[in-house]
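Engineer: Input structure: structure.pdb, which contains PDB, N, CA, C and O atoms.
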ATOM      1  N   MET R 122      75.526  58.169  76.147
ATOM      2  CA  MET R 122      74.934  59.094  77.069
ATOM      3  C   MET R 122      74.406  58.275  78.247
ATOM      4  O   MET R 122      73.806  57.218  78.048
ATOM      5  N   PHE R 123      74.673  58.762  79.420
ATOM      6  CA  PHE R 123      74.228  58.096  80.639
ATOM      7  C   PHE R 123      73.534  59.100  81.539
ATOM      8  O   PHE R 123      73.907  60.272  81.562
ATOM      9  N   SER R 124      72.576  58.612  82.297
ATOM     10  CA  SER R 124      72.062  59.450  83.382
ATOM     11  C   SER R 124      73.129  59.440  84.473
ATOM     12  O   SER R 124      73.886  58.469  84.608
ATOM     13  N   LYS R 125      73.214  60.504  85.206
ATOM     14  CA  LYS R 125      74.207  60.576  86.274
ATOM     15  C   LYS R 125      73.970  59.471  87.293
ATOM     16  O   LYS R 125      74.918  58.852  87.771
ATOM     17  N   ARG R 126      72.731  59.202  87.577
ATOM     18  CA  ARG R 126      72.416  58.162  88.559
ATOM     19  C   ARG R 126      72.941  56.804  88.090
ATOM     20  O   ARG R 126      73.557  56.066  88.856
ATOM     21  N   THR R 127      72.715  56.476  86.820
ATOM     22  CA  THR R 127      73.207  55.201  86.291
ATOM     23  C   THR R 127      74.729  55.188  86.247
ATOM     24  O   THR R 127      75.362  54.195  86.618
ATOM     25  N   TRP R 128      75.328  56.281  85.775
ATOM     26  CA  TRP R 128      76.787  56.381  85.695
ATOM     27  C   TRP R 128      77.413  56.147  87.060
ATOM     28  O   TRP R 128      78.412  55.445  87.188
ATOM     29  N   ASP R 129      76.835  56.752  88.086
ATOM     30  CA  ASP R 129      77.384  56.631  89.436
ATOM     31  C   ASP R 129      77.280  55.214  89.999
ATOM     32  O   ASP R 129      77.981  54.881  90.951
ATOM     33  N   THR R 130      76.438  54.376  89.410
ATOM     34  CA  THR R 130      76.341  52.993  89.887
ATOM     35  C   THR R 130      77.459  52.118  89.313
ATOM     36  O   THR R 130      77.689  51.024  89.819
ATOM     37  N   LEU R 131      78.129  52.591  88.261
ATOM     38  CA  LEU R 131      79.206  51.815  87.657
ATOM     39  C   LEU R 131      80.477  51.914  88.489
ATOM     40  O   LEU R 131      80.756  52.958  89.093
ATOM     41  N   SER R 132      81.244  50.861  88.465
ATOM     42  CA  SER R 132      82.541  50.904  89.146
ATOM     43  C   SER R 132      83.472  51.840  88.372
ATOM     44  O   SER R 132      83.225  52.147  87.198
ATOM     45  N   LYS R 133      84.534  52.268  88.988
ATOM     46  CA  LYS R 133      85.519  53.133  88.316
ATOM     47  C   LYS R 133      86.108  52.425  87.097
ATOM     48  O   LYS R 133      86.353  53.032  86.067
ATOM     49  N   GLU R 134      86.303  51.118  87.223
ATOM     50  CA  GLU R 134      86.845  50.336  86.109
ATOM     51  C   GLU R 134      85.865  50.324  84.932
ATOM     52  O   GLU R 134      86.256  50.487  83.780
ATOM     53  N   ASP R 135      84.571  50.124  85.243
ATOM     54  CA  ASP R 135      83.562  50.119  84.180
ATOM     55  C   ASP R 135      83.418  51.504  83.548
ATOM     56  O   ASP R 135      83.246  51.621  82.333
ATOM     57  N   GLN R 136      83.494  52.549  84.355
ATOM     58  CA  GLN R 136      83.437  53.904  83.806
ATOM     59  C   GLN R 136      84.610  54.137  82.852
ATOM     60  O   GLN R 136      84.430  54.694  81.765
ATOM     61  N   ALA R 137      85.777  53.696  83.250
ATOM     62  CA  ALA R 137      86.960  53.856  82.395
ATOM     63  C   ALA R 137      86.799  53.067  81.098
ATOM     64  O   ALA R 137      87.158  53.559  80.018
ATOM     65  N   LEU R 138      86.242  51.870  81.203
ATOM     66  CA  LEU R 138      86.033  51.046  80.020
ATOM     67  C   LEU R 138      85.018  51.696  79.075
ATOM     68  O   LEU R 138      85.235  51.743  77.860
ATOM     69  N   VAL R 139      83.941  52.216  79.613
ATOM     70  CA  VAL R 139      82.936  52.897  78.787
ATOM     71  C   VAL R 139      83.557  54.107  78.096
ATOM     72  O   VAL R 139      83.341  54.338  76.904
ATOM     73  N   ARG R 140      84.345  54.874  78.832
ATOM     74  CA  ARG R 140      85.018  56.035  78.221
ATOM     75  C   ARG R 140      85.939  55.596  77.089
ATOM     76  O   ARG R 140      85.957  56.188  76.010
ATOM     77  N   LYS R 141      86.731  54.570  77.333
ATOM     78  CA  LYS R 141      87.687  54.087  76.332
ATOM     79  C   LYS R 141      86.969  53.608  75.078
ATOM     80  O   LYS R 141      87.315  53.995  73.962
ATOM     81  N   LEU R 142      85.970  52.764  75.260
ATOM     82  CA  LEU R 142      85.256  52.209  74.116
ATOM     83  C   LEU R 142      84.431  53.266  73.393
ATOM     84  O   LEU R 142      84.293  53.220  72.167
ATOM     85  N   SER R 143      83.922  54.228  74.129
ATOM     86  CA  SER R 143      83.184  55.325  73.503
ATOM     87  C   SER R 143      84.102  56.133  72.600
ATOM     88  O   SER R 143      83.726  56.516  71.485
ATOM     89  N   ARG R 144      85.298  56.399  73.063
ATOM     90  CA  ARG R 144      86.270  57.144  72.265
ATOM     91  C   ARG R 144      86.638  56.358  71.002
ATOM     92  O   ARG R 144      86.713  56.920  69.912
ATOM     93  N   GLU R 145      86.842  55.056  71.149
ATOM     94  CA  GLU R 145      87.166  54.225  69.987
ATOM     95  C   GLU R 145      86.015  54.238  68.977
ATOM     96  O   GLU R 145      86.238  54.336  67.767
ATOM     97  N   ALA R 146      84.796  54.154  69.463
ATOM     98  CA  ALA R 146      83.627  54.172  68.582
ATOM     99  C   ALA R 146      83.513  55.527  67.882
ATOM    100  O   ALA R 146      83.175  55.594  66.690
ATOM    101  N   GLN R 147      83.810  56.587  68.603
ATOM    102  CA  GLN R 147      83.776  57.925  68.019
ATOM    103  C   GLN R 147      84.769  58.034  66.870
ATOM    104  O   GLN R 147      84.430  58.535  65.790
ATOM    105  N   LEU R 148      85.975  57.565  67.080
ATOM    106  CA  LEU R 148      86.997  57.644  66.040
ATOM    107  C   LEU R 148      86.623  56.796  64.827
ATOM    108  O   LEU R 148      86.815  57.217  63.678
ATOM    109  N   GLU R 149      86.074  55.611  65.076
ATOM    110  CA  GLU R 149      85.657  54.759  63.960
ATOM    111  C   GLU R 149      84.512  55.406  63.187
ATOM    112  O   GLU R 149      84.481  55.390  61.958
ATOM    113  N   GLN R 150      83.570  55.996  63.901
ATOM    114  CA  GLN R 150      82.443  56.648  63.239
ATOM    115  C   GLN R 150      82.930  57.780  62.346
ATOM    116  O   GLN R 150      82.430  57.963  61.239
ATOM    117  N   ARG R 151      83.901  58.539  62.798
ATOM    118  CA  ARG R 151      84.449  59.628  61.982
ATOM    119  C   ARG R 151      85.103  59.093  60.719
ATOM    120  O   ARG R 151      84.959  59.669  59.637
ATOM    121  N   GLN R 152      85.825  57.989  60.822
ATOM    122  CA  GLN R 152      86.439  57.383  59.636
ATOM    123  C   GLN R 152      85.369  56.909  58.658
ATOM    124  O   GLN R 152      85.484  57.121  57.448
ATOM    125  N   LEU R 153      84.335  56.263  59.170
ATOM    126  CA  LEU R 153      83.251  55.796  58.315
ATOM    127  C   LEU R 153      82.537  56.964  57.640
ATOM    128  O   LEU R 153      82.199  56.907  56.452
ATOM    129  N   TRP R 154      82.317  58.041  58.388
ATOM    130  CA  TRP R 154      81.653  59.220  57.828
ATOM    131  C   TRP R 154      82.506  59.856  56.735
ATOM    132  O   TRP R 154      81.987  60.236  55.678
ATOM    133  N   ASP R 155      83.802  59.966  56.976
ATOM    134  CA  ASP R 155      84.690  60.540  55.961
ATOM    135  C   ASP R 155      84.667  59.720  54.675
ATOM    136  O   ASP R 155      84.620  60.271  53.576
ATOM    137  N   ALA R 156      84.679  58.402  54.801
ATOM    138  CA  ALA R 156      84.633  57.524  53.630
ATOM    139  C   ALA R 156      83.296  57.674  52.910
ATOM    140  O   ALA R 156      83.253  57.756  51.671
ATOM    141  N   TYR R 157      82.206  57.732  53.660
ATOM    142  CA  TYR R 157      80.886  57.896  53.068
ATOM    143  C   TYR R 157      80.792  59.234  52.329
ATOM    144  O   TYR R 157      80.270  59.299  51.206
ATOM    145  N   THR R 158      81.280  60.294  52.944
ATOM    146  CA  THR R 158      81.239  61.617  52.338
ATOM    147  C   THR R 158      82.038  61.645  51.047
ATOM    148  O   THR R 158      81.585  62.181  50.028
ATOM    149  N   LYS R 159      83.229  61.070  51.067
ATOM    150  CA  LYS R 159      84.067  61.045  49.863
ATOM    151  C   LYS R 159      83.358  60.293  48.743
ATOM    152  O   LYS R 159      83.327  60.750  47.593
ATOM    153  N   GLU R 160      82.766  59.161  49.068
ATOM    154  CA  GLU R 160      82.051  58.373  48.067
ATOM    155  C   GLU R 160      80.880  59.170  47.484
ATOM    156  O   GLU R 160      80.657  59.178  46.269
ATOM    157  N   ALA R 161      80.138  59.854  48.341
ATOM    158  CA  ALA R 161      78.990  60.642  47.882
ATOM    159  C   ALA R 161      79.440  61.792  46.987
ATOM    160  O   ALA R 161      78.834  62.050  45.941
ATOM    161  N   VAL R 162      80.513  62.481  47.365
ATOM    162  CA  VAL R 162      81.034  63.586  46.554
ATOM    163  C   VAL R 162      81.517  63.074  45.203
ATOM    164  O   VAL R 162      81.235  63.676  44.156
ATOM    165  N   ASP R 163      82.213  61.955  45.219
ATOM    166  CA  ASP R 163      82.691  61.373  43.964
ATOM    167  C   ASP R 163      81.523  61.042  43.036
ATOM    168  O   ASP R 163      81.578  61.306  41.828
ATOM    169  N   LYS R 164      80.452  60.478  43.573
ATOM    170  CA  LYS R 164      79.271  60.147  42.764
ATOM    171  C   LYS R 164      78.627  61.408  42.197
ATOM    172  O   LYS R 164      78.212  61.448  41.033
ATOM    173  N   LEU R 165      78.531  62.433  43.037
ATOM    174  CA  LEU R 165      77.912  63.680  42.579
ATOM    175  C   LEU R 165      78.746  64.339  41.488
ATOM    176  O   LEU R 165      78.203  64.830  40.487
ATOM    177  N   LYS R 166      80.063  64.343  41.662
ATOM    178  CA  LYS R 166      80.940  64.916  40.638
ATOM    179  C   LYS R 166      80.812  64.135  39.329
ATOM    180  O   LYS R 166      80.769  64.725  38.243
ATOM    181  N   ALA R 167      80.742  62.814  39.431
ATOM    182  CA  ALA R 167      80.588  61.980  38.231
ATOM    183  C   ALA R 167      79.261  62.267  37.535
ATOM    184  O   ALA R 167      79.145  62.119  36.316
ATOM    185  N   ALA R 168      78.262  62.699  38.298
ATOM    186  CA  ALA R 168      76.960  63.028  37.729
ATOM    187  C   ALA R 168      76.900  64.459  37.213
ATOM    188  O   ALA R 168      75.862  64.914  36.742
ATOM    189  N   GLY R 169      78.026  65.185  37.325
ATOM    190  CA  GLY R 169      78.083  66.531  36.777
ATOM    191  C   GLY R 169      77.880  67.666  37.766
ATOM    192  O   GLY R 169      77.858  68.832  37.374
ATOM    193  N   VAL R 170      77.719  67.354  39.024
ATOM    194  CA  VAL R 170      77.554  68.413  40.031
ATOM    195  C   VAL R 170      78.881  69.130  40.210
ATOM    196  O   VAL R 170      79.934  68.493  40.315
ATOM    197  N   GLN R 171      78.822  70.447  40.229
ATOM    198  CA  GLN R 171      80.035  71.247  40.441
ATOM    199  C   GLN R 171      80.047  71.755  41.876
ATOM    200  O   GLN R 171      79.029  72.239  42.378
ATOM    201  N   PHE R 172      81.169  71.636  42.526
ATOM    202  CA  PHE R 172      81.333  72.103  43.899
ATOM    203  C   PHE R 172      82.112  73.410  43.893
ATOM    204  O   PHE R 172      83.081  73.547  43.146
ATOM    205  N   VAL R 173      81.689  74.334  44.705
ATOM    206  CA  VAL R 173      82.355  75.625  44.815
ATOM    207  C   VAL R 173      83.124  75.632  46.139
ATOM    208  O   VAL R 173      82.538  75.473  47.207
ATOM    209  N   GLU R 174      84.424  75.775  46.048
ATOM    210  CA  GLU R 174      85.246  75.846  47.253
ATOM    211  C   GLU R 174      85.080  77.226  47.891
ATOM    212  O   GLU R 174      85.073  78.243  47.195
ATOM    213  N   VAL R 175      84.948  77.247  49.186
ATOM    214  CA  VAL R 175      84.770  78.518  49.885
ATOM    215  C   VAL R 175      86.105  79.019  50.423
ATOM    216  O   VAL R 175      87.032  78.232  50.644
ATOM    217  N   ASP R 176      86.158  80.308  50.632
ATOM    218  CA  ASP R 176      87.340  80.930  51.204
ATOM    219  C   ASP R 176      87.198  80.896  52.729
ATOM    220  O   ASP R 176      86.582  81.781  53.326
ATOM    221  N   LYS R 177      87.715  79.856  53.339
ATOM    222  CA  LYS R 177      87.564  79.684  54.786
ATOM    223  C   LYS R 177      88.212  80.824  55.568
ATOM    224  O   LYS R 177      87.709  81.237  56.603
ATOM    225  N   LYS R 178      89.326  81.320  55.071
ATOM    226  CA  LYS R 178      90.019  82.401  55.776
ATOM    227  C   LYS R 178      89.154  83.652  55.828
ATOM    228  O   LYS R 178      89.089  84.327  56.857
ATOM    229  N   ALA R 179      88.459  83.966  54.737
ATOM    230  CA  ALA R 179      87.590  85.147  54.720
ATOM    231  C   ALA R 179      86.483  85.008  55.764
ATOM    232  O   ALA R 179      86.168  85.962  56.485
ATOM    233  N   PHE R 180      85.896  83.826  55.860
ATOM    234  CA  PHE R 180      84.861  83.583  56.860
ATOM    235  C   PHE R 180      85.449  83.695  58.265
ATOM    236  O   PHE R 180      84.867  84.325  59.147
ATOM    237  N   TYR R 181      86.599  83.087  58.456
ATOM    238  CA  TYR R 181      87.264  83.136  59.764
ATOM    239  C   TYR R 181      87.545  84.577  60.172
ATOM    240  O   TYR R 181      87.269  84.986  61.300
ATOM    241  N   ASP R 182      88.080  85.348  59.228
ATOM    242  CA  ASP R 182      88.383  86.754  59.517
ATOM    243  C   ASP R 182      87.114  87.548  59.829
ATOM    244  O   ASP R 182      87.102  88.388  60.726
ATOM    245  N   ALA R 183      86.033  87.278  59.097
ATOM    246  CA  ALA R 183      84.777  88.004  59.299
ATOM    247  C   ALA R 183      84.144  87.692  60.646
ATOM    248  O   ALA R 183      83.398  88.513  61.194
ATOM    249  N   THR R 184      84.422  86.529  61.194
ATOM    250  CA  THR R 184      83.833  86.143  62.476
ATOM    251  C   THR R 184      84.755  86.411  63.667
ATOM    252  O   THR R 184      84.430  86.051  64.796
ATOM    253  N   GLN R 185      85.872  87.050  63.420
ATOM    254  CA  GLN R 185      86.826  87.350  64.492
ATOM    255  C   GLN R 185      86.191  88.146  65.633
ATOM    256  O   GLN R 185      86.462  87.857  66.802
ATOM    257  N   PRO R 186      85.353  89.158  65.348
ATOM    258  CA  PRO R 186      84.742  89.911  66.469
ATOM    259  C   PRO R 186      83.941  89.023  67.429
ATOM    260  O   PRO R 186      83.917  89.275  68.634
ATOM    261  N   VAL R 187      83.311  87.994  66.920
ATOM    262  CA  VAL R 187      82.546  87.077  67.785
ATOM    263  C   VAL R 187      83.501  86.316  68.697
ATOM    264  O   VAL R 187      83.250  86.172  69.901
ATOM    265  N   ARG R 188      84.608  85.829  68.130
ATOM    266  CA  ARG R 188      85.588  85.126  68.957
ATOM    267  C   ARG R 188      86.219  86.069  69.978
ATOM    268  O   ARG R 188      86.477  85.675  71.114
ATOM    269  N   ASP R 189      86.452  87.311  69.575
ATOM    270  CA  ASP R 189      87.022  88.284  70.514
ATOM    271  C   ASP R 189      86.084  88.513  71.697
ATOM    272  O   ASP R 189      86.525  88.624  72.837
ATOM    273  N   LYS R 190      84.785  88.569  71.407
ATOM    274  CA  LYS R 190      83.813  88.868  72.459
ATOM    275  C   LYS R 190      83.517  87.658  73.347
ATOM    276  O   LYS R 190      83.425  87.782  74.564
ATOM    277  N   TYR R 191      83.380  86.474  72.746
ATOM    278  CA  TYR R 191      82.931  85.299  73.498
ATOM    279  C   TYR R 191      83.970  84.186  73.611
ATOM    280  O   TYR R 191      83.750  83.201  74.306
ATOM    281  N   GLY R 192      85.080  84.328  72.931
ATOM    282  CA  GLY R 192      86.026  83.236  72.798
ATOM    283  C   GLY R 192      86.777  82.828  74.047
ATOM    284  O   GLY R 192      87.165  81.674  74.175
ATOM    285  N   ALA R 193      86.982  83.746  74.977
ATOM    286  CA  ALA R 193      87.775  83.411  76.162
ATOM    287  C   ALA R 193      87.188  82.210  76.908
ATOM    288  O   ALA R 193      87.917  81.332  77.371
ATOM    289  N   LYS R 194      85.868  82.160  76.967
ATOM    290  CA  LYS R 194      85.191  81.077  77.675
ATOM    291  C   LYS R 194      85.415  79.736  76.973
ATOM    292  O   LYS R 194      85.393  78.683  77.605
ATOM    293  N   TYR R 195      85.641  79.784  75.661
ATOM    294  CA  TYR R 195      85.764  78.565  74.868
ATOM    295  C   TYR R 195      87.151  78.418  74.257
ATOM    296  O   TYR R 195      87.316  77.790  73.221
ATOM    297  N   ALA R 196      88.158  78.962  74.906
ATOM    298  CA  ALA R 196      89.517  78.986  74.343
ATOM    299  C   ALA R 196      90.024  77.593  73.987
ATOM    300  O   ALA R 196      90.586  77.400  72.904
ATOM    301  N   ALA R 197      89.825  76.632  74.845
ATOM    302  CA  ALA R 197      90.321  75.270  74.573
ATOM    303  C   ALA R 197      89.616  74.671  73.367
ATOM    304  O   ALA R 197      90.244  74.048  72.503
ATOM    305  N   LEU R 198      88.304  74.866  73.280
ATOM    306  CA  LEU R 198      87.547  74.338  72.145
ATOM    307  C   LEU R 198      87.976  75.030  70.844
ATOM    308  O   LEU R 198      88.161  74.376  69.818
ATOM    309  N   LEU R 199      88.130  76.347  70.879
ATOM    310  CA  LEU R 199      88.571  77.070  69.694
ATOM    311  C   LEU R 199      89.946  76.599  69.224
ATOM    312  O   LEU R 199      90.171  76.435  68.022
ATOM    313  N   LYS R 200      90.822  76.360  70.167
ATOM    314  CA  LYS R 200      92.156  75.873  69.817
ATOM    315  C   LYS R 200      92.065  74.502  69.152
ATOM    316  O   LYS R 200      92.757  74.231  68.170
ATOM    317  N   GLN R 201      91.211  73.655  69.667
ATOM    318  CA  GLN R 201      91.024  72.312  69.098
ATOM    319  C   GLN R 201      90.447  72.412  67.686
ATOM    320  O   GLN R 201      90.874  71.702  66.786
ATOM    321  N   ILE R 202      89.503  73.306  67.475
ATOM    322  CA  ILE R 202      88.898  73.487  66.148
ATOM    323  C   ILE R 202      89.940  74.000  65.167
ATOM    324  O   ILE R 202      90.034  73.514  64.032
ATOM    325  N   GLN R 203      90.740  74.962  65.580
ATOM    326  CA  GLN R 203      91.758  75.527  64.708
ATOM    327  C   GLN R 203      92.803  74.481  64.323
ATOM    328  O   GLN R 203      93.357  74.528  63.228
ATOM    329  N   ALA R 204      93.057  73.538  65.198
ATOM    330  CA  ALA R 204      94.068  72.525  64.933
ATOM    331  C   ALA R 204      93.577  71.475  63.925
ATOM    332  O   ALA R 204      94.388  70.764  63.332
ATOM    333  N   SER R 205      92.262  71.397  63.724
ATOM    334  CA  SER R 205      91.746  70.368  62.813
ATOM    335  C   SER R 205      91.584  70.861  61.401
ATOM    336  O   SER R 205      91.811  71.926  61.036
TER     337      SER R 205
END
Written as structure tokens, that's how I'd like the structure from this file.
Structural biologist:
Amino acid sequence: MFSKRTWDTLSKEDQALVRKLSREAQLEQRQLWDAYTKEAVDKLKAAGVQFVEVDKKAFYDATQPVRDKYGAKYAALLKQIQAS
């Protein structure tokens, strides 16, 4: 996160470098989080915790009216979420 004033003092090359490295850090953080989550779930299951899988489609269908009403403004974001 940068203040606009600080960001504007960086050269275009430095801004590009910050963007590139930030994206790389984001991707690495997601991989680390996924590994941590898997390890935690495995430990909990080994300790006898039972996980209940949810019906994602039912939730998605139930929230369709919200997307119909407000989704146009966030179409690109919704598409990205659906793709993941």
Engineer: May I ask for the distance between atom C of Leu165 of chain R and atom CA of Gln152 of chain R, given in Å to one decimal place?
Structural biologist: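 Interatomic distance here is 20.9 Å.
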Engineer: Quick one, how far is atom N of Ala183 of chain R from atom C of Leu199 of chain R?
Structural biologist: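 Computing it gives 15.2 Å between the two atoms.
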Engineer: Just the helix (DSSP H, G or I) stuff from chain R, please, per backbone DSSP, written as a VMD selection string.
Structural biologist: chain R and resid 125 to 130 133 to 167 177 to 183 185 to 204
Engineer: Report, in Å with one decimal, the straight-line distance from atom CA of Lys177 of chain R to atom CA of Gln147 of chain R.
Structural biologist: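 Computing it gives 25.7 Å between the two atoms.
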Engineer: To test the calculation: enclose all listed atoms of segment 202-205 of chain R in a box whose edges run along x, y and z, add 4 Å on each side, then state centre and edge lengths in Å to one decimal, as JSON.
Structural biologist:
{"center_x": 91.6, "center_y": 72.9, "center_z": 64.3, "size_x": 13.5, "size_y": 13.2, "size_z": 14.4}
Engineer: Export segment 136-152 of chain R, N, CA and C atoms, as a compact mmCIF listing (two decimals), in the first residue's frame; it's the structure right above.
Structural biologist:
# COMPACT_ATOMS: atom_id res chain seq x y z
N GLN R 136 7.75 1.93 -10.27
CA GLN R 136 6.35 1.56 -10.09
C GLN R 136 6.08 0.19 -10.71
N ALA R 137 6.62 -0.04 -11.88
CA ALA R 137 6.44 -1.34 -12.54
C ALA R 137 7.08 -2.46 -11.71
N LEU R 138 8.24 -2.19 -11.15
CA LEU R 138 8.92 -3.19 -10.34
C LEU R 138 8.12 -3.49 -9.07
N VAL R 139 7.60 -2.48 -8.42
CA VAL R 139 6.78 -2.68 -7.22
C VAL R 139 5.54 -3.50 -7.57
N ARG R 140 4.90 -3.17 -8.68
CA ARG R 140 3.72 -3.95 -9.11
C ARG R 140 4.09 -5.41 -9.35
N LYS R 141 5.18 -5.64 -10.05
CA LYS R 141 5.60 -7.00 -10.38
C LYS R 141 5.91 -7.80 -9.12
N LEU R 142 6.71 -7.22 -8.24
CA LEU R 142 7.10 -7.93 -7.03
C LEU R 142 5.92 -8.11 -6.07
N SER R 143 5.02 -7.15 -6.06
CA SER R 143 3.82 -7.28 -5.23
C SER R 143 2.98 -8.45 -5.70
N ARG R 144 2.83 -8.59 -6.99
CA ARG R 144 2.06 -9.70 -7.55
C ARG R 144 2.72 -11.04 -7.21
N GLU R 145 4.04 -11.09 -7.33
CA GLU R 145 4.76 -12.32 -6.99
C GLU R 145 4.58 -12.67 -5.51
N ALA R 146 4.65 -11.67 -4.66
CA ALA R 146 4.47 -11.90 -3.22
C ALA R 146 3.04 -12.36 -2.93
N GLN R 147 2.08 -11.80 -3.63
CA GLN R 147 0.69 -12.21 -3.46
C GLN R 147 0.52 -13.68 -3.81
N LEU R 148 1.07 -14.09 -4.93
CA LEU R 148 0.94 -15.48 -5.35
C LEU R 148 1.63 -16.43 -4.37
N GLU R 149 2.80 -16.03 -3.89
CA GLU R 149 3.51 -16.88 -2.92
C GLU R 149 2.72 -16.97 -1.62
N GLN R 150 2.15 -15.86 -1.18
CA GLN R 150 1.37 -15.87 0.06
C GLN R 150 0.18 -16.80 -0.07
N ARG R 151 -0.47 -16.81 -1.21
CA ARG R 151 -1.61 -17.72 -1.42
C ARG R 151 -1.17 -19.17 -1.36
N GLN R 152 -0.03 -19.50 -1.93
CA GLN R 152 0.48 -20.87 -1.86
C GLN R 152 0.79 -21.26 -0.42
